[in-house]
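Trainee: Contents of input05.tsv (TSV, C-alpha atoms) are given next:
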chain	number	residue	atom	x	y	z
A	209	MET	CA	-7.56	-5.27	2.66
A	210	ILE	CA	-8.37	-4.86	6.33
A	211	THR	CA	-4.65	-4.53	7.06
A	212	PHE	CA	-4.44	-1.78	4.51
A	213	VAL	CA	-7.34	0.15	6.11
A	214	LEU	CA	-5.78	-0.30	9.55
A	215	SER	CA	-2.38	0.88	8.29
A	216	LEU	CA	-4.01	3.92	6.79
A	217	THR	CA	-5.80	4.71	10.08
A	218	PHE	CA	-2.58	4.29	12.02
A	219	ALA	CA	-0.79	6.54	9.52
A	220	PHE	CA	-3.27	9.32	10.30
A	221	VAL	CA	-2.93	8.75	14.04
A	222	TRP	CA	0.82	8.96	13.56
A	223	ALA	CA	0.45	12.23	11.65
A	224	ALA	CA	-1.81	13.64	14.39
A	225	ILE	CA	0.58	12.69	17.18
A	226	THR	CA	3.77	13.80	15.50
A	227	GLY	CA	2.00	17.01	14.60
A	228	SER	CA	2.80	17.31	10.93
A	229	ALA	CA	0.57	16.10	8.14
A	230	THR	CA	3.07	16.32	5.30
A	231	LEU	CA	3.18	13.62	2.64
A	232	HIS	CA	6.57	12.35	3.84
A	233	ASN	CA	5.34	11.97	7.36
A	234	LEU	CA	2.20	10.15	6.23
A	235	ILE	CA	4.29	7.73	4.19
A	236	LEU	CA	6.59	7.15	7.16
A	237	GLY	CA	3.55	6.55	9.38
A	238	PHE	CA	2.11	4.13	6.85
A	239	ALA	CA	5.39	2.22	6.69
A	240	LEU	CA	5.62	2.04	10.48
A	241	ALA	CA	1.99	0.90	10.76
A	242	THR	CA	2.53	-1.82	8.18
A	243	LEU	CA	5.65	-2.97	10.02
A	244	ALA	CA	3.84	-3.01	13.36
A	245	LEU	CA	0.90	-4.95	11.91
A	246	TRP	CA	3.30	-7.35	10.26
A	247	ILE	CA	4.90	-8.08	13.64
A	248	VAL	CA	1.55	-9.00	15.19
A	249	ARG	CA	0.17	-10.72	12.06
A	250	ASP	CA	-0.33	-14.08	13.82
A	251	GLU	CA	-2.13	-12.67	16.84
A	252	MET	CA	-4.53	-10.69	14.69
A	253	SER	CA	-7.58	-12.52	13.51
A	254	CYS	CA	-9.37	-10.17	11.18
A	255	ARG	CA	-12.74	-11.88	10.94
A	256	GLY	CA	-15.67	-9.63	11.77
A	257	TYR	CA	-13.41	-6.83	12.81
A	258	PHE	CA	-15.77	-3.94	12.22
A	259	GLY	CA	-18.77	-5.59	13.88
A	260	ARG	CA	-16.50	-5.92	16.83
A	261	LEU	CA	-15.54	-2.25	16.97
A	262	GLY	CA	-18.98	-1.32	18.34
A	263	ARG	CA	-18.68	-3.76	21.20
A	264	ILE	CA	-15.12	-2.66	21.95
A	265	PHE	CA	-16.42	0.89	22.04
A	266	SER	CA	-19.15	-0.06	24.50
A	267	LEU	CA	-16.50	-1.75	26.69
A	268	LEU	CA	-14.50	1.48	26.54
A	269	LEU	CA	-17.53	3.56	27.60
A	270	LEU	CA	-18.23	1.24	30.54
A	271	PHE	CA	-14.57	1.49	31.51
A	272	PHE	CA	-14.48	5.29	31.59
A	273	LYS	CA	-17.69	5.40	33.62
A	274	GLU	CA	-16.25	2.94	36.14
A	275	LEU	CA	-12.92	4.78	36.24
A	276	ALA	CA	-14.59	8.07	37.10
A	277	LEU	CA	-16.76	6.36	39.68
A	278	SER	CA	-13.81	4.60	41.30
A	279	ALA	CA	-11.70	7.75	41.57
A	280	TRP	CA	-14.68	9.46	43.18
A	281	LYS	CA	-15.17	6.59	45.63
A	282	VAL	CA	-11.51	6.61	46.65
A	283	ALA	CA	-11.70	10.39	47.04
A	284	THR	CA	-14.71	10.30	49.34
A	285	LEU	CA	-13.18	7.42	51.28
A	286	VAL	CA	-9.85	9.02	52.12
A	287	VAL	CA	-11.21	12.38	53.20
A	288	ARG	CA	-13.67	10.83	55.63
A	289	ARG	CA	-12.74	11.21	59.29
A	290	ASP	CA	-13.04	7.55	60.22
A	291	MET	CA	-12.34	5.22	57.34
A	292	ASP	CA	-14.53	2.17	57.77
A	293	LEU	CA	-12.38	-0.37	55.95
A	294	LYS	CA	-13.06	-4.06	55.52
A	295	PRO	CA	-10.27	-4.91	53.08
A	296	GLY	CA	-9.32	-8.40	51.99
A	297	ILE	CA	-8.26	-10.58	49.10
A	298	PHE	CA	-10.86	-12.78	47.45
A	299	ALA	CA	-10.55	-15.41	44.75
A	300	TYR	CA	-12.41	-14.69	41.55
A	301	PRO	CA	-13.09	-17.70	39.30
A	302	LEU	CA	-12.15	-16.75	35.75
A	303	THR	CA	-14.34	-17.57	32.78
A	304	VAL	CA	-12.05	-15.95	30.22
A	305	THR	CA	-9.12	-18.13	29.21
A	306	SER	CA	-6.61	-16.48	26.89
A	307	ASP	CA	-3.65	-14.47	28.17
A	308	PHE	CA	-4.89	-11.35	26.46
A	309	GLU	CA	-8.36	-11.55	27.99
A	310	ILE	CA	-7.04	-12.24	31.48
A	311	THR	CA	-4.60	-9.33	31.22
A	312	LEU	CA	-7.33	-6.99	30.02
A	313	LEU	CA	-9.74	-8.11	32.74
A	314	ALA	CA	-7.07	-7.73	35.44
A	315	ASN	CA	-6.23	-4.22	34.24
A	316	LEU	CA	-9.88	-3.20	34.07
A	317	ILE	CA	-10.55	-4.59	37.55
A	318	THR	CA	-7.66	-2.58	38.96
A	319	LEU	CA	-9.10	0.67	37.64
A	320	THR	CA	-12.67	0.08	38.85
A	321	PRO	CA	-14.25	0.92	42.21
A	322	GLY	CA	-12.73	-0.76	45.23
A	323	THR	CA	-10.92	-3.61	43.50
A	324	LEU	CA	-7.26	-4.29	42.64
A	325	SER	CA	-6.03	-7.45	40.97
A	326	VAL	CA	-3.11	-8.99	42.86
A	327	ASP	CA	-2.26	-12.31	41.22
A	328	VAL	CA	-3.37	-15.03	38.85
A	329	SER	CA	-3.20	-18.62	40.03
A	330	PRO	CA	-0.67	-20.84	38.20
A	331	ASP	CA	-3.44	-22.79	36.44
A	332	ARG	CA	-4.96	-19.49	35.24
A	333	LYS	CA	-8.40	-20.32	36.58
A	334	THR	CA	-8.47	-17.90	39.49
A	335	LEU	CA	-7.77	-14.22	39.74
A	336	TYR	CA	-6.92	-12.94	43.21
A	337	VAL	CA	-8.49	-9.57	43.76
A	338	HIS	CA	-7.90	-7.18	46.64
A	339	ALA	CA	-11.07	-5.34	47.57
A	340	ILE	CA	-11.22	-2.33	49.81
A	341	ASP	CA	-14.65	-3.42	51.03
A	342	CYS	CA	-15.07	-7.17	51.36
A	343	ALA	CA	-18.46	-6.94	53.08
A	344	ASP	CA	-20.39	-8.29	50.11
A	345	ILE	CA	-18.06	-10.34	47.93
A	346	GLU	CA	-20.76	-12.16	46.02
A	347	ALA	CA	-22.16	-8.88	44.72
A	348	THR	CA	-18.68	-7.74	43.65
A	349	LYS	CA	-18.09	-11.03	41.84
A	350	ARG	CA	-21.46	-10.73	40.11
A	351	ASP	CA	-20.66	-7.17	39.04
A	352	ILE	CA	-17.39	-8.25	37.44
A	353	ALA	CA	-18.91	-11.30	35.74
A	354	ASP	CA	-21.92	-9.43	34.34
A	355	GLY	CA	-19.98	-6.29	33.49
A	356	PHE	CA	-16.41	-6.49	32.25
A	357	GLU	CA	-16.03	-10.21	31.78
A	358	ARG	CA	-19.18	-10.54	29.70
A	359	LYS	CA	-18.30	-7.47	27.62
A	360	ILE	CA	-14.76	-8.71	27.04
A	361	MET	CA	-16.09	-12.01	25.77
A	362	GLU	CA	-18.58	-10.25	23.52
A	363	ALA	CA	-15.91	-7.96	22.12
A	364	PHE	CA	-13.03	-10.37	21.59
A	365	ARG	CA	-14.60	-13.74	20.77
B	195	MET	CA	-16.50	33.80	23.70
B	196	ILE	CA	-15.11	30.45	22.58
B	197	ALA	CA	-11.72	31.33	24.03
B	198	GLY	CA	-13.37	32.24	27.31
B	199	LEU	CA	-15.19	28.92	27.43
B	200	LEU	CA	-11.95	27.08	26.68
B	201	ASP	CA	-10.22	28.94	29.51
B	202	LEU	CA	-13.03	28.03	31.86
B	203	LEU	CA	-12.87	24.39	30.82
B	204	THR	CA	-9.09	24.37	31.23
B	205	ALA	CA	-9.39	25.88	34.70
B	206	LEU	CA	-11.99	23.27	35.70
B	207	LEU	CA	-9.83	20.43	34.36
B	208	VAL	CA	-6.68	21.70	36.11
B	209	LEU	CA	-8.50	22.18	39.42
B	210	SER	CA	-10.23	18.81	39.41
B	211	GLY	CA	-7.05	17.08	38.23
B	212	ALA	CA	-5.07	18.68	41.04
B	213	ALA	CA	-7.82	17.76	43.52
B	214	PHE	CA	-7.66	14.10	42.52
B	215	ALA	CA	-3.85	14.12	42.72
B	216	LEU	CA	-4.11	15.61	46.20
B	217	VAL	CA	-6.66	13.00	47.23
B	218	ALA	CA	-4.35	10.25	45.93
B	219	ALA	CA	-1.53	11.68	48.07
B	220	ILE	CA	-3.77	11.91	51.15
B	221	GLY	CA	-4.85	8.34	50.51
B	222	LEU	CA	-1.22	7.18	50.41
B	223	VAL	CA	-0.68	8.68	53.86
B	224	ARG	CA	-3.93	7.70	55.54
B	225	LEU	CA	-4.67	4.19	54.29
B	226	PRO	CA	-3.30	1.40	56.50
B	227	ASP	CA	-1.33	-0.95	54.22
B	228	LEU	CA	0.26	-1.26	50.80
B	229	TYR	CA	-2.71	-2.97	49.19
B	230	THR	CA	-5.23	-0.31	50.17
B	231	ARG	CA	-2.71	2.40	49.28
B	232	MET	CA	-2.40	1.04	45.77
B	233	HIS	CA	-6.13	1.67	45.39
B	234	ALA	CA	-5.61	5.37	45.97
B	235	ALA	CA	-2.45	5.56	43.86
B	236	SER	CA	-3.77	3.66	40.87
B	237	LYS	CA	-7.29	5.11	40.61
B	238	ALA	CA	-7.21	8.68	41.86
B	239	GLY	CA	-3.67	9.07	40.52
B	240	THR	CA	-4.66	7.98	37.01
B	241	VAL	CA	-7.73	10.17	36.89
B	242	GLY	CA	-5.81	13.15	38.31
B	243	SER	CA	-2.99	12.99	35.78
B	244	GLY	CA	-5.46	12.21	33.01
B	245	LEU	CA	-7.45	15.35	33.74
B	246	LEU	CA	-4.24	17.43	33.86
B	247	LEU	CA	-3.11	16.06	30.50
B	248	LEU	CA	-6.53	16.78	29.06
B	249	ALA	CA	-6.25	20.34	30.38
B	250	VAL	CA	-2.98	20.78	28.49
B	251	GLY	CA	-4.60	19.51	25.31
B	252	VAL	CA	-7.65	21.76	25.63
B	253	HIS	CA	-5.60	24.80	26.57
B	254	SER	CA	-3.35	24.52	23.51
B	255	ALA	CA	-6.43	24.35	21.23
B	256	GLU	CA	-4.26	22.49	18.74
B	257	LEU	CA	-5.15	19.04	17.47
B	258	PRO	CA	-1.61	17.56	17.54
B	259	VAL	CA	-1.11	18.61	21.17
B	260	LEU	CA	-4.52	17.26	22.14
B	261	ALA	CA	-3.76	13.98	20.36
B	262	ARG	CA	-0.48	13.67	22.23
B	263	ALA	CA	-2.15	14.47	25.54
B	264	LEU	CA	-4.77	11.79	24.87
B	265	ALA	CA	-2.01	9.34	23.93
B	266	GLY	CA	-0.29	10.15	27.22
B	267	PHE	CA	-3.50	9.45	29.13
B	268	PHE	CA	-3.94	6.22	27.19
B	269	PHE	CA	-0.49	5.01	28.21
B	270	PHE	CA	-1.21	6.00	31.79
B	271	VAL	CA	-4.33	3.86	31.77
B	272	LEU	CA	-2.29	1.07	30.22
B	273	THR	CA	0.59	1.15	32.70
B	274	ALA	CA	-0.83	2.28	36.06
B	275	PRO	CA	-2.77	-0.95	36.73
B	276	VAL	CA	0.24	-3.04	35.73
B	277	SER	CA	2.52	-1.34	38.24
B	278	ALA	CA	-0.15	-1.51	40.97
B	279	HIS	CA	-0.64	-5.18	40.21
B	280	LEU	CA	3.12	-5.91	40.26
B	281	LEU	CA	3.67	-4.06	43.55
B	282	ALA	CA	0.75	-5.84	45.22
B	283	MET	CA	1.88	-9.23	43.90
B	284	ALA	CA	5.51	-8.70	44.93
B	285	ALA	CA	4.41	-7.54	48.39
B	286	HIS	CA	2.26	-10.61	48.85
B	287	LYS	CA	5.02	-12.93	47.61
B	288	VAL	CA	7.54	-11.67	50.16
B	289	GLY	CA	4.97	-12.07	52.91
B	290	TYR	CA	3.85	-8.51	53.52
B	291	ARG	CA	0.73	-8.95	55.61
B	292	LEU	CA	-2.63	-7.32	55.11
B	293	CYS	CA	-3.61	-4.75	57.71
B	294	GLU	CA	-5.49	-5.88	60.85
B	295	GLN	CA	-8.89	-4.72	59.65
B	296	SER	CA	-8.68	-7.16	56.75
B	297	ILE	CA	-11.39	-9.77	56.93
B	298	ARG	CA	-10.15	-12.40	54.49
B	299	ASP	CA	-7.22	-13.51	52.38
B	300	ASP	CA	-8.04	-16.23	49.88
B	301	MET	CA	-4.46	-16.33	48.64
B	302	ASN	CA	-3.26	-17.93	51.87
B	303	ASP	CA	-5.90	-20.64	51.97
Mind converting the file's structure to C-alpha cells?
Mentor:
Amino acid sequence: MITFVLSLTFAFVWAAITGSATLHNLILGFALATLALWIVRDEMSCRGYFGRLGRIFSLLLLFFKELALSAWKVATLVVRRDMDLKPGIFAYPLTVTSDFEITLLANLITLTPGTLSVDVSPDRKTLYVHAIDCADIEATKRDIADGFERKIMEAFR
Amino acid sequence: MIAGLLDLLTALLVLSGAAFALVAAIGLVRLPDLYTRMHAASKAGTVGSGLLLLAVGVHSAELPVLARALAGFFFFVLTAPVSAHLLAMAAHKVGYRLCEQSIRDDMND
C-alpha cells in the first residue's frame, strides 16, 4: 500500500519535472517509480513512514537555515581585510552507526557553518572534520551532536 | 502587478546568487590552503548556484521549469559536499599539509 502511494507521488513528481501531465507520461512515471522502489525494496523499511515525514521535514528546515547561515559566514569572512583564521582538523566521535546516517551527517556537516567533513576512520567511529575556526571545538561538537545528529536519529530510527 | 513583483524577485535572486558566486571565487583566491578553500567553494558556491536556479524557475513562472530548477538545486546540494569531501580526503591522503595558521590536526595523531 505504502509503495503504491509512494509510486503515485513519484509519478506526479515525474510529470512535473518532465513538464507534461498526459496520461501516457503519468503511466510511464508510475512504472519508473515502481521499478525504482523495487530496486531499493530491501533498504526501505516502511514502518511508521508518515510519522517520520514530519521529523524529516524539520531536519530539512534546520538544514536550509544552516546552509544560508554558512554561506553568509563564508561571505563575510572572505571579504574581510585580515582573515583571522584558526583552521584545523578535529575528530568527531560518531553516535550514528549505519552507512546511510554517516553519509547524511557528513554531507550536512560540509554544508553548515565553518565545518567540512574530510574522512571517516576505518572503524567508522570517528568523523574527521575540518573547521575554519578551531578556537572552540567543544562547542562545535556539541552543536553537531545536539543539532544534526540528534535530528537524524529522530528521523531515521 | 504580479508580473512586476516576479521581476523584482527574479532580479533579487539573480543579484544575490551572483554575489555569492563572486564571494566563492574571491574565497578560492584569498584563503590559504585547499581545505579552507573547499569551505568557500562548497558553501557559497552551492547557495550561489541554487539562488540562480531558483531565479530561472521564478522568472519562467511555469511549474515544470520551477520543478526542474528545484531538482537541479537538490542535486547540487547532494553532490557538492561529496566532491568537497573527496577532494579534502584525497589531499590529506597524499600528504598535502594544512596551512601554517592551522592549530590542530587530529588525523595525524
Trainee: Just the number, please: distance in Å from atom CA of A:Leu269 to atom CA of A:Glu309, one decimal.
Mentor: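 Straight-line distance from atom CA of A:Leu269 to atom CA of A:Glu309 works out to 17.7 Å.
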Trainee: Could you tell me how far atom CA of A:Gly262 lies from atom CA of A:Pro321, in Å and to one decimal?
Mentor: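 Calculated distance between atom CA of A:Gly262 and atom CA of A:Pro321 is 24.4 Å.
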Trainee: Which residues are close to stretch 334-340 of chain A, i.e. within 6 Å by all atoms listed in the file, leaving aside same-chain residues fewer than 6 positions away? Reply as a PyMOL selection string.
Mentor: chain A and resi 295-302+322-328
Trainee: Mind dumping the selected residues with C-alpha atoms as an mmCIF file, in the coordinates of the input?
Mentor:
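Heads up, here's the output in out.cif:
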data_model
loop_
_atom_site.group_PDB
_atom_site.id
_atom_site.type_symbol
_atom_site.label_atom_id
_atom_site.label_comp_id
_atom_site.auth_asym_id
_atom_site.auth_seq_id
_atom_site.Cartn_x
_atom_site.Cartn_y
_atom_site.Cartn_z
ATOM 1 C CA PRO A 295 -10.270 -4.910 53.080
ATOM 2 C CA GLY A 296 -9.320 -8.400 51.990
ATOM 3 C CA ILE A 297 -8.260 -10.580 49.100
ATOM 4 C CA PHE A 298 -10.860 -12.780 47.450
ATOM 5 C CA ALA A 299 -10.550 -15.410 44.750
ATOM 6 C CA TYR A 300 -12.410 -14.690 41.550
ATOM 7 C CA PRO A 301 -13.090 -17.700 39.300
ATOM 8 C CA LEU A 302 -12.150 -16.750 35.750
ATOM 9 C CA GLY A 322 -12.730 -0.760 45.230
ATOM 10 C CA THR A 323 -10.920 -3.610 43.500
ATOM 11 C CA LEU A 324 -7.260 -4.290 42.640
ATOM 12 C CA SER A 325 -6.030 -7.450 40.970
ATOM 13 C CA VAL A 326 -3.110 -8.990 42.860
ATOM 14 C CA ASP A 327 -2.260 -12.310 41.220
ATOM 15 C CA VAL A 328 -3.370 -15.030 38.850
#
Trainee: Name the closest residue to B:Gly239 among the candidates A:Ala276, A:Leu313, A:Leu234, A:Ala353; distances are taken between atoms, counting all atoms listed in the file.
Mentor: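 Ranked by minimum distance to B:Gly239, first place goes to A:Ala276.
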Trainee: Identify every residue of chain B that has at least one atom within 8 Å of any atom of chain A, counting only C-alpha atoms, and report the result as a PyMOL selection string.
Mentor: chain B and resi 214+217-218+220-221+224-225+229-230+232-234+236-238+241+257-259+261-262+265+272+275-276+278-280+282-283+292+295-301
Trainee: I need the residue nearest B:Leu203 from this list: B:Ala235, B:Val252, B:Asp227, B:Phe270. Use all atoms listed in the file for the distance.
Mentor: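 Once distances to B:Leu203 are computed over all atoms listed in the file, the minimum belongs to B:Val252.
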Trainee: Could you give me the axis-aligned bounding box of stretch 226-242 of chain A, with 5 Å of padding per side, as centre plus edge lengths in Å to one decimal, as AutoDock Vina command-line options?
Mentor:
--center_x 3.6 --center_y 7.7 --center_z 9.1 --size_x 16.0 --size_y 29.1 --size_z 22.9
Trainee: What's around A:Phe238 at 12 Å? Count only C-alpha atoms, leave out sequence neighbours fewer than 2 positions away in its own chain, and write the answer as an MDAnalysis selection string.
Mentor: chainID A and resid 211:223 231:236 240:245
Trainee: Could you jot down the atom CA of B:Phe267 to atom CA of B:Leu247 separation for me, Å, one decimal place?
Mentor: 6.8 Å
Trainee: Neighbours of B:Ala212 within 7 Å (only C-alpha atoms; same-chain residues fewer than 4 positions away dropped), as a list of chain:residue names?
Mentor: B:Val208, B:Leu216, B:Gly242
Trainee: Around the point (-18.3, -10.7, 22.2) in the file's coordinates, collect all residues with an atom within 12 Å, using only C-alpha atoms, and return them as an mmCIF file with C-alpha atoms, in the frame of the given file.
Mentor:
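And here is the file that came out, point36.cif:
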data_model
loop_
_atom_site.group_PDB
_atom_site.id
_atom_site.type_symbol
_atom_site.label_atom_id
_atom_site.label_comp_id
_atom_site.auth_asym_id
_atom_site.auth_seq_id
_atom_site.Cartn_x
_atom_site.Cartn_y
_atom_site.Cartn_z
ATOM 1 C CA GLY A 256 -15.670 -9.630 11.770
ATOM 2 C CA TYR A 257 -13.410 -6.830 12.810
ATOM 3 C CA GLY A 259 -18.770 -5.590 13.880
ATOM 4 C CA ARG A 260 -16.500 -5.920 16.830
ATOM 5 C CA LEU A 261 -15.540 -2.250 16.970
ATOM 6 C CA GLY A 262 -18.980 -1.320 18.340
ATOM 7 C CA ARG A 263 -18.680 -3.760 21.200
ATOM 8 C CA ILE A 264 -15.120 -2.660 21.950
ATOM 9 C CA PHE A 265 -16.420 0.890 22.040
ATOM 10 C CA SER A 266 -19.150 -0.060 24.500
ATOM 11 C CA LEU A 267 -16.500 -1.750 26.690
ATOM 12 C CA VAL A 304 -12.050 -15.950 30.220
ATOM 13 C CA GLU A 309 -8.360 -11.550 27.990
ATOM 14 C CA PHE A 356 -16.410 -6.490 32.250
ATOM 15 C CA GLU A 357 -16.030 -10.210 31.780
ATOM 16 C CA ARG A 358 -19.180 -10.540 29.700
ATOM 17 C CA LYS A 359 -18.300 -7.470 27.620
ATOM 18 C CA ILE A 360 -14.760 -8.710 27.040
ATOM 19 C CA MET A 361 -16.090 -12.010 25.770
ATOM 20 C CA GLU A 362 -18.580 -10.250 23.520
ATOM 21 C CA ALA A 363 -15.910 -7.960 22.120
ATOM 22 C CA PHE A 364 -13.030 -10.370 21.590
ATOM 23 C CA ARG A 365 -14.600 -13.740 20.770
#
Trainee: Closest to B:Glu294 among B:Ser277, B:Ser254, B:Pro226, B:Val271, using only C-alpha atoms?
Mentor: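 When distances to B:Glu294 are compared using only C-alpha atoms, the smallest one comes from B:Pro226.
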Trainee: For each of A:Ala347, A:Ile352, A:Ile247, A:Ala239, take the minimum atom-to-atom distance to A:Thr303, counting all atoms listed in the file, then give the residue where this is smallest.
Mentor: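 Closest to A:Thr303 of all the choices is A:Ile352.
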Trainee: Ranking B:Ala255, B:Cys293, B:Leu281, B:Leu264 by minimum distance to B:Leu199 and counting all atoms listed in the file, which one comes first?
Mentor: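 Of B:Ala255, B:Cys293, B:Leu281, B:Leu264, the one nearest B:Leu199 is B:Ala255, counting all atoms listed in the file.
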